[in-house]
Amino acid sequence: MVYILLTLNSLLMILLPVLLGIWLARRYRVGWKLFFIGAAGFIVSQVLHIPFNRFVLDPFVKGFLDQGETLGRILLAALLFGLSAGVFEEVTRYLFYYVRKSMREWDEGMMFGAGWGGIEAILLGLLAATTAINVYIYQSGLIESLVPAAQLASSSEAIAATAQQIEELVNLPPWMFLLGAVERAIALILHLSLSILVLQAFVRKNIIWLFAAIGWHTLIDAVAVVGLLQEWDPLLIEAAIGIPAVLIGLFIIRYFKPPDEAPEAEGDVAGN
């Protein structure tokens, strides 16, 4: 049962953005090229974001949290991590819109956002698949046949620790194994709304929409960080970020959708 749920979780994480892209392409006849441009945008945003967090923000936050994890310090840490994600991702999103001047329609922004959040979901889905494989290897005893005896002996402590982690994992409630897919569905809606918000900076010719997107992204990520630092129940964390992300995200998507937007006839779509 555990293997089935873990596999289902990873498959859903990978398939959700693909199915979203298929729906957008068929309903609005928008090209898949924008999906891949969005995926590239996310990757580019992480080129500086990940090193900045690792070498600058992480040590700084650890330093002042070591002095005492008061509520004020936790909130400041959450805001800093949220702002880091908001600035790096939304400024990169803005620059991609700036460079691709033809990308100014609502449906194009949606496909761009699907690719942006989609590649993150796919990569995390692949990572989740490795967890399912590891659980199977350890629980089935395959590790003894895959790893030489000498290496097993020299790495016995590490292997025992991993086995203990896997044992704790398989004893979790069944619904926990699908939280990854739920989280990615929420993140997809969030990235769709963020892409539509940043698009308004060009459609409405006002940079304020970029700052609105940074603020929206910062708020959602900050809530997640607070939950993690205060060790909230996973369901509470998902509810705290999921309810506003979905409700406000869908409102943003719907509000900026052109009133005369009509679905095109379904059919194959050439690259945009």
# chains A, B, ... in the order shown; residues from 1 in each chain; ligands from 1
$ residues_around --residues "segment 190-199 of chain A" --least-positions-apart "3" --cutoff "9 Å" --atoms "only C-alpha atoms" --output "PyMOL selection string"
chain A and resi 90-91+93-94+97+103-106+109-114+116-118+185-187+202-204+207+209-214+216-217+220+245-246+248-253+256-257
$ closest_residue --among "A:Lys33, A:Arg26, A:Arg184, A:Lys205" --to "Glu120 of chain A" --atoms "only C-alpha atoms"
A:Arg184
$ residues_around --residues "segment 127-133 of chain A" --least-positions-apart "3" --cutoff "6 Å" --atoms "only C-alpha atoms" --output "PyMOL selection string"
chain A and resi 6+10+124+136
$ atom_distance --atom1 "atom CA of Glu89 of chain A" --atom2 "atom CA of Gly227 of chain A"
21.6 Å
$ residues_around --residues "segment 232-243 of chain A" --least-positions-apart "6" --cutoff "9 Å" --atoms "only C-alpha atoms" --output "list in words"
Met176, Leu179, Val182, Glu183, Ile186, Ala187, Ile220, Asp221, Val223, Ala224 and Val226 of chain A
$ atom_distance --atom1 "atom CA of Ile74 of chain A" --atom2 "atom CA of Leu219 of chain A"
13.9 Å
$ closest_atom_pairs --of "segment 67-94 of chain A" --to "segment 36-59 of chain A" --cutoff "8 Å" --atoms "only C-alpha atoms" --output "CSV"
residue,atom,partner,partner_atom,distance
A:Leu80,CA,A:Leu57,CA,7.9
A:Phe81,CA,A:Leu57,CA,7.6
A:Ser84,CA,A:His49,CA,7.2
A:Ala85,CA,A:His49,CA,7.1
A:Phe88,CA,A:Ser45,CA,5.8
A:Glu89,CA,A:Ser45,CA,5.3
A:Thr92,CA,A:Ser45,CA,5.7
A:Arg93,CA,A:Gly41,CA,6.5
$ residues_around --residues "segment 170-175 of chain A" --least-positions-apart "2" --cutoff "10 Å" --atoms "only C-alpha atoms" --output "PyMOL selection string"
chain A and resi 1-3+5-6+135+139+165-168+177-179+235
$ write_last_selection --atoms "C-alpha atoms" --output "PDB file, in the first residue's frame"
ATOM      1  CA  MET A   1       0.000   0.000   0.000  1.00  0.00           C
ATOM      2  CA  VAL A   2       2.849   2.401   0.885  1.00  0.00           C
ATOM      3  CA  TYR A   3       4.527   1.849  -2.497  1.00  0.00           C
ATOM      4  CA  LEU A   5       0.603   5.764  -2.461  1.00  0.00           C
ATOM      5  CA  LEU A   6       4.179   6.997  -2.888  1.00  0.00           C
ATOM      6  CA  VAL A 135      11.579   2.463   0.445  1.00  0.00           C
ATOM      7  CA  GLN A 139      12.059  -2.970   2.847  1.00  0.00           C
ATOM      8  CA  GLN A 165      13.983   7.067   8.642  1.00  0.00           C
ATOM      9  CA  ILE A 166      12.212   4.798   6.166  1.00  0.00           C
ATOM     10  CA  GLU A 167      10.570   2.871   8.999  1.00  0.00           C
ATOM     11  CA  GLU A 168       9.242   6.141  10.400  1.00  0.00           C
ATOM     12  CA  PHE A 177       1.830  10.273   1.275  1.00  0.00           C
ATOM     13  CA  LEU A 178      -0.359  12.399  -0.998  1.00  0.00           C
ATOM     14  CA  LEU A 179       0.446  15.785   0.550  1.00  0.00           C
ATOM     15  CA  LEU A 235      -2.275  19.615   7.530  1.00  0.00           C
TER      16      LEU A 235
END
$ closest_residue --among "A:Ile189, A:Leu247, A:Ala181, A:Ala201" --to "Ala121 of chain A" --atoms "only C-alpha atoms"
A:Ala181
$ closest_residue --among "A:Ala77, A:Ile4, A:Ile122, A:Val30" --to "Leu65 of chain A" --atoms "only C-alpha atoms"
A:Ala77
$ select_by_dssp --residues "segment 52-247 of chain A" --states "alpha helix (DSSP H)" --output "ChimeraX atom specification"
/A:52,58-65,71-99,106-140,143-146,149-154,156-170,179-203,208-229,234-247
